[in-house]
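Visitor: Okay, here's the structure, questions in a sec.
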Amino acid sequence: MKITIYGWSTAQRGGPHRGHTVEELMTDYLAAVMEMLGPAQNRYADPAAWDRLHAELGIELPPDYRALVDAFAPIQINGHLYLSHPATERWNLGQNIRSTIKAWSEVPWDDLHLDPDEDPRQLFGLDELSFGTRNELWPIASTDRGETIFLIAAPEAPRLLVSYDETWAEHRMSFAEWLYRYLIGEDMSGPNSAAFYPGPVKLERLPMSADERTEPRYAGHA
């Protein structure tokens, strides 16, 4: 007997559902993503920086997310996805979280008169749409296509919401699994949102000064 458990749903006008088989649920997605991205660089890994960020935010970001950020950030992955780091002055994760929270908190949701299938509050059963509060939405990654990946930092199972082009998608999975599925070309931001590039993953370190120039590298290549 094949058991399917729904791991995420695309939330717009009755979009498709993606199920997980038992075999998929046994995958170590952090290890799988690390293999796709290549050896960890750990250039700015600093437990104290995470402690300071968690104390400031009042939440603790997931271990798999912290491991990936420490291993590679600040970085742009496959030309679109940005990861910042809490220990750097430029591309600082804490600063990015605060500025993104401020921008999203200024959206007048009640004045938008959204239909039920467009309102993330009704789509995902949220009492209110708040950003930067203990059990609500925390922006943890973004892309140059306008996608924002939010963590719902509740004590239950991992939950991510992704905003993209006026659509919302919900993913009941870890960040490592989300990233793995994003890199293999699944629609992880809503219908027809895949950004798939065959071959090794492209990694580009983000410049740490105004005059620094960086060259992209590809996973598996020096």
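To be explicit about the labels: the chains of the structure tokens are called A, B, and onward in the order shown, and within each one the residues are counted from 1, while ligands get numbers from 1 in the order they are shown.
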Identify, on the basis of only C-alpha atoms, every residue whose closest approach to Met208 in chain A does not exceed 9 Å; exclude the query and any residue fewer than 5 positions from it along the same chain; express the result as a VMD selection string.
Guide: chain A and resid 74 88 to 91 213
Visitor: What's around Arg145 in chain A at 10 Å? Count only C-alpha atoms, leave out sequence neighbours fewer than 3 positions away in its own chain, and write the answer as a PyMOL selection string.
Guide: chain A and resi 79-81+142+148+164-165+193+195
Visitor: Give the answer as one residue: which of A:Thr143, A:Asn92, A:Asn135, A:Thr100 has the shortest atom-to-atom distance to Arg159 in chain A, using only C-alpha atoms?
Guide: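 Looking only at the distances to Arg159 in chain A, the closest residue turns out to be A:Asn135.
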Visitor: To one decimal in Å, tell me the separation between CA of Leu161 in chain A and CA of Pro47 in chain A.
Guide: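 Interatomic distance, CA of Leu161 in chain A to CA of Pro47 in chain A: 26.6 Å.
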Visitor: Can you check which residues of range 112-195 of chain A DSSP gives as strand (DSSP E or B) on the backbone and send them as a PDB file with N, CA, C and O atoms, in the first residue's frame?
Guide:
ATOM      1  N   PHE A 131       3.692  40.533  10.657  1.00  0.00           N
ATOM      2  CA  PHE A 131       5.059  40.196  10.309  1.00  0.00           C
ATOM      3  C   PHE A 131       5.975  40.558  11.473  1.00  0.00           C
ATOM      4  O   PHE A 131       5.894  41.645  12.036  1.00  0.00           O
ATOM      5  N   LEU A 137       4.692  35.757  10.545  1.00  0.00           N
ATOM      6  CA  LEU A 137       5.551  35.577   9.386  1.00  0.00           C
ATOM      7  C   LEU A 137       6.910  36.287   9.535  1.00  0.00           C
ATOM      8  O   LEU A 137       6.959  37.468   9.856  1.00  0.00           O
ATOM      9  N   TRP A 138       7.970  35.515   9.241  1.00  0.00           N
ATOM     10  CA  TRP A 138       9.338  36.021   9.300  1.00  0.00           C
ATOM     11  C   TRP A 138       9.992  35.804   7.941  1.00  0.00           C
ATOM     12  O   TRP A 138      10.117  34.677   7.484  1.00  0.00           O
ATOM     13  N   PRO A 139      10.423  36.880   7.264  1.00  0.00           N
ATOM     14  CA  PRO A 139      11.073  36.722   5.953  1.00  0.00           C
ATOM     15  C   PRO A 139      12.498  36.202   6.117  1.00  0.00           C
ATOM     16  O   PRO A 139      13.326  36.823   6.781  1.00  0.00           O
ATOM     17  N   ILE A 140      12.797  35.065   5.508  1.00  0.00           N
ATOM     18  CA  ILE A 140      14.109  34.448   5.707  1.00  0.00           C
ATOM     19  C   ILE A 140      14.908  34.311   4.417  1.00  0.00           C
ATOM     20  O   ILE A 140      16.096  33.988   4.460  1.00  0.00           O
ATOM     21  N   ALA A 141      14.285  34.541   3.254  1.00  0.00           N
ATOM     22  CA  ALA A 141      14.999  34.473   1.976  1.00  0.00           C
ATOM     23  C   ALA A 141      14.173  35.214   0.939  1.00  0.00           C
ATOM     24  O   ALA A 141      12.975  35.471   1.140  1.00  0.00           O
ATOM     25  N   SER A 142      14.817  35.538  -0.179  1.00  0.00           N
ATOM     26  CA  SER A 142      14.114  36.256  -1.243  1.00  0.00           C
ATOM     27  C   SER A 142      14.799  35.977  -2.569  1.00  0.00           C
ATOM     28  O   SER A 142      15.898  35.394  -2.617  1.00  0.00           O
ATOM     29  N   THR A 143      14.150  36.386  -3.657  1.00  0.00           N
ATOM     30  CA  THR A 143      14.746  36.244  -4.983  1.00  0.00           C
ATOM     31  C   THR A 143      14.651  37.563  -5.727  1.00  0.00           C
ATOM     32  O   THR A 143      13.879  38.454  -5.359  1.00  0.00           O
ATOM     33  N   THR A 148       9.275  36.245  -1.879  1.00  0.00           N
ATOM     34  CA  THR A 148       9.698  36.334  -0.486  1.00  0.00           C
ATOM     35  C   THR A 148       9.294  35.048   0.210  1.00  0.00           C
ATOM     36  O   THR A 148       8.140  34.632   0.136  1.00  0.00           O
ATOM     37  N   ILE A 149      10.246  34.414   0.878  1.00  0.00           N
ATOM     38  CA  ILE A 149       9.985  33.164   1.590  1.00  0.00           C
ATOM     39  C   ILE A 149       9.867  33.498   3.065  1.00  0.00           C
ATOM     40  O   ILE A 149      10.802  34.037   3.675  1.00  0.00           O
ATOM     41  N   PHE A 150       8.686  33.191   3.631  1.00  0.00           N
ATOM     42  CA  PHE A 150       8.399  33.485   5.034  1.00  0.00           C
ATOM     43  C   PHE A 150       8.363  32.194   5.843  1.00  0.00           C
ATOM     44  O   PHE A 150       7.835  31.171   5.394  1.00  0.00           O
ATOM     45  N   LEU A 151       8.906  32.277   7.041  1.00  0.00           N
ATOM     46  CA  LEU A 151       8.783  31.209   8.028  1.00  0.00           C
ATOM     47  C   LEU A 151       7.685  31.563   9.007  1.00  0.00           C
ATOM     48  O   LEU A 151       7.627  32.699   9.488  1.00  0.00           O
ATOM     49  N   ILE A 152       6.791  30.610   9.283  1.00  0.00           N
ATOM     50  CA  ILE A 152       5.878  30.761  10.408  1.00  0.00           C
ATOM     51  C   ILE A 152       6.532  30.061  11.593  1.00  0.00           C
ATOM     52  O   ILE A 152       6.652  28.837  11.624  1.00  0.00           O
ATOM     53  N   LEU A 160       6.189  27.065   5.768  1.00  0.00           N
ATOM     54  CA  LEU A 160       6.682  28.191   4.996  1.00  0.00           C
ATOM     55  C   LEU A 160       5.554  28.737   4.131  1.00  0.00           C
ATOM     56  O   LEU A 160       4.734  27.976   3.605  1.00  0.00           O
ATOM     57  N   LEU A 161       5.511  30.053   3.986  1.00  0.00           N
ATOM     58  CA  LEU A 161       4.627  30.704   3.026  1.00  0.00           C
ATOM     59  C   LEU A 161       5.500  31.475   2.047  1.00  0.00           C
ATOM     60  O   LEU A 161       6.477  32.109   2.455  1.00  0.00           O
ATOM     61  N   VAL A 162       5.152  31.409   0.771  1.00  0.00           N
ATOM     62  CA  VAL A 162       5.916  32.106  -0.256  1.00  0.00           C
ATOM     63  C   VAL A 162       4.985  33.035  -1.016  1.00  0.00           C
ATOM     64  O   VAL A 162       3.930  32.618  -1.505  1.00  0.00           O
ATOM     65  N   SER A 163       5.384  34.298  -1.096  1.00  0.00           N
ATOM     66  CA  SER A 163       4.645  35.285  -1.871  1.00  0.00           C
ATOM     67  C   SER A 163       5.365  35.512  -3.194  1.00  0.00           C
ATOM     68  O   SER A 163       6.582  35.700  -3.222  1.00  0.00           O
ATOM     69  N   TYR A 164       4.578  35.480  -4.294  1.00  0.00           N
ATOM     70  CA  TYR A 164       5.180  35.652  -5.615  1.00  0.00           C
ATOM     71  C   TYR A 164       4.124  36.118  -6.605  1.00  0.00           C
ATOM     72  O   TYR A 164       3.118  35.436  -6.811  1.00  0.00           O
ATOM     73  N   THR A 167       0.492  35.958  -5.805  1.00  0.00           N
ATOM     74  CA  THR A 167       0.002  34.654  -5.393  1.00  0.00           C
ATOM     75  C   THR A 167       0.714  34.239  -4.107  1.00  0.00           C
ATOM     76  O   THR A 167       1.757  34.780  -3.752  1.00  0.00           O
ATOM     77  N   TRP A 168       0.132  33.264  -3.416  1.00  0.00           N
ATOM     78  CA  TRP A 168       0.720  32.742  -2.188  1.00  0.00           C
ATOM     79  C   TRP A 168       0.736  31.217  -2.266  1.00  0.00           C
ATOM     80  O   TRP A 168      -0.197  30.605  -2.791  1.00  0.00           O
ATOM     81  N   ALA A 169       1.797  30.623  -1.762  1.00  0.00           N
ATOM     82  CA  ALA A 169       1.908  29.167  -1.685  1.00  0.00           C
ATOM     83  C   ALA A 169       2.306  28.779  -0.276  1.00  0.00           C
ATOM     84  O   ALA A 169       3.107  29.463   0.362  1.00  0.00           O
ATOM     85  N   GLU A 170       1.753  27.695   0.198  1.00  0.00           N
ATOM     86  CA  GLU A 170       2.059  27.172   1.524  1.00  0.00           C
ATOM     87  C   GLU A 170       2.823  25.871   1.390  1.00  0.00           C
ATOM     88  O   GLU A 170       2.496  25.026   0.547  1.00  0.00           O
ATOM     89  N   HIS A 171       3.835  25.701   2.231  1.00  0.00           N
ATOM     90  CA  HIS A 171       4.665  24.501   2.206  1.00  0.00           C
ATOM     91  C   HIS A 171       4.869  24.019   3.634  1.00  0.00           C
ATOM     92  O   HIS A 171       5.524  24.704   4.422  1.00  0.00           O
TER      93      HIS A 171
END
Visitor: Leaving out Gly220 in chain A and any residue of its chain fewer than 3 positions from it, which residues lie within 12 Å of it when counting only C-alpha atoms, given as a ChimeraX atom specification?
Guide: /A:34-40,199-203,217
Visitor: Residues at most 12 Å from Leu53 in chain A, counting only C-alpha atoms, excluding those fewer than 4 positions away in the same chain, as number ranges by chain?
Guide: A: 46-49, 57-61, 66, 85-88, 92-98
Visitor: Excluding Trp178 in chain A and its own-chain neighbours fewer than 4 positions away, which residues fall within 9 Å of it when counting only C-alpha atoms? Please give them as a list of chain:residue names.
Guide: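 With the cut-off at 9 Å, the set is A:Tyr29, A:Leu160, A:His171, A:Met173, A:Ser174, A:Tyr182, A:Leu183, A:Met188.
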Visitor: Go ahead and compute the interatomic distance for CA of His54 in chain A and CA of Asp144 in chain A, in Å to one decimal.
Guide: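 Those two atoms sit 26.1 Å apart.
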Visitor: What is the distance, in Å and to one decimal place, between CA of Pro207 in chain A and CA of Leu179 in chain A?
Guide: 22.6 Å
Visitor: Considering only C-alpha atoms, return as a list in words whatever protein or nucleic-acid residues lie within 7 Å of Asp64 in chain A, sequence-local ones (same chain, fewer than 3 positions apart) excluded.
Guide: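 Close residues of Asp64 in chain A: Leu30, Ala67, Leu68, Phe175 and Ala176 of chain A.
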Visitor: Give me a file of those residues, with N, CA and C atoms, as a tab-separated table (two decimals), in the first residue's frame.
Guide:
chain	number	residue	atom	x	y	z
A	30	LEU	N	18.54	18.10	4.18
A	30	LEU	CA	19.70	18.94	4.42
A	30	LEU	C	20.94	18.32	3.77
A	67	ALA	N	22.18	26.01	9.25
A	67	ALA	CA	23.30	25.25	8.70
A	67	ALA	C	23.59	25.67	7.27
A	68	LEU	N	22.56	25.88	6.47
A	68	LEU	CA	22.75	26.29	5.08
A	68	LEU	C	23.29	27.72	4.99
A	175	PHE	N	12.95	24.22	5.52
A	175	PHE	CA	13.56	25.05	4.51
A	175	PHE	C	14.48	24.22	3.61
A	176	ALA	N	15.20	23.26	4.18
A	176	ALA	CA	16.09	22.42	3.37
A	176	ALA	C	15.30	21.66	2.31
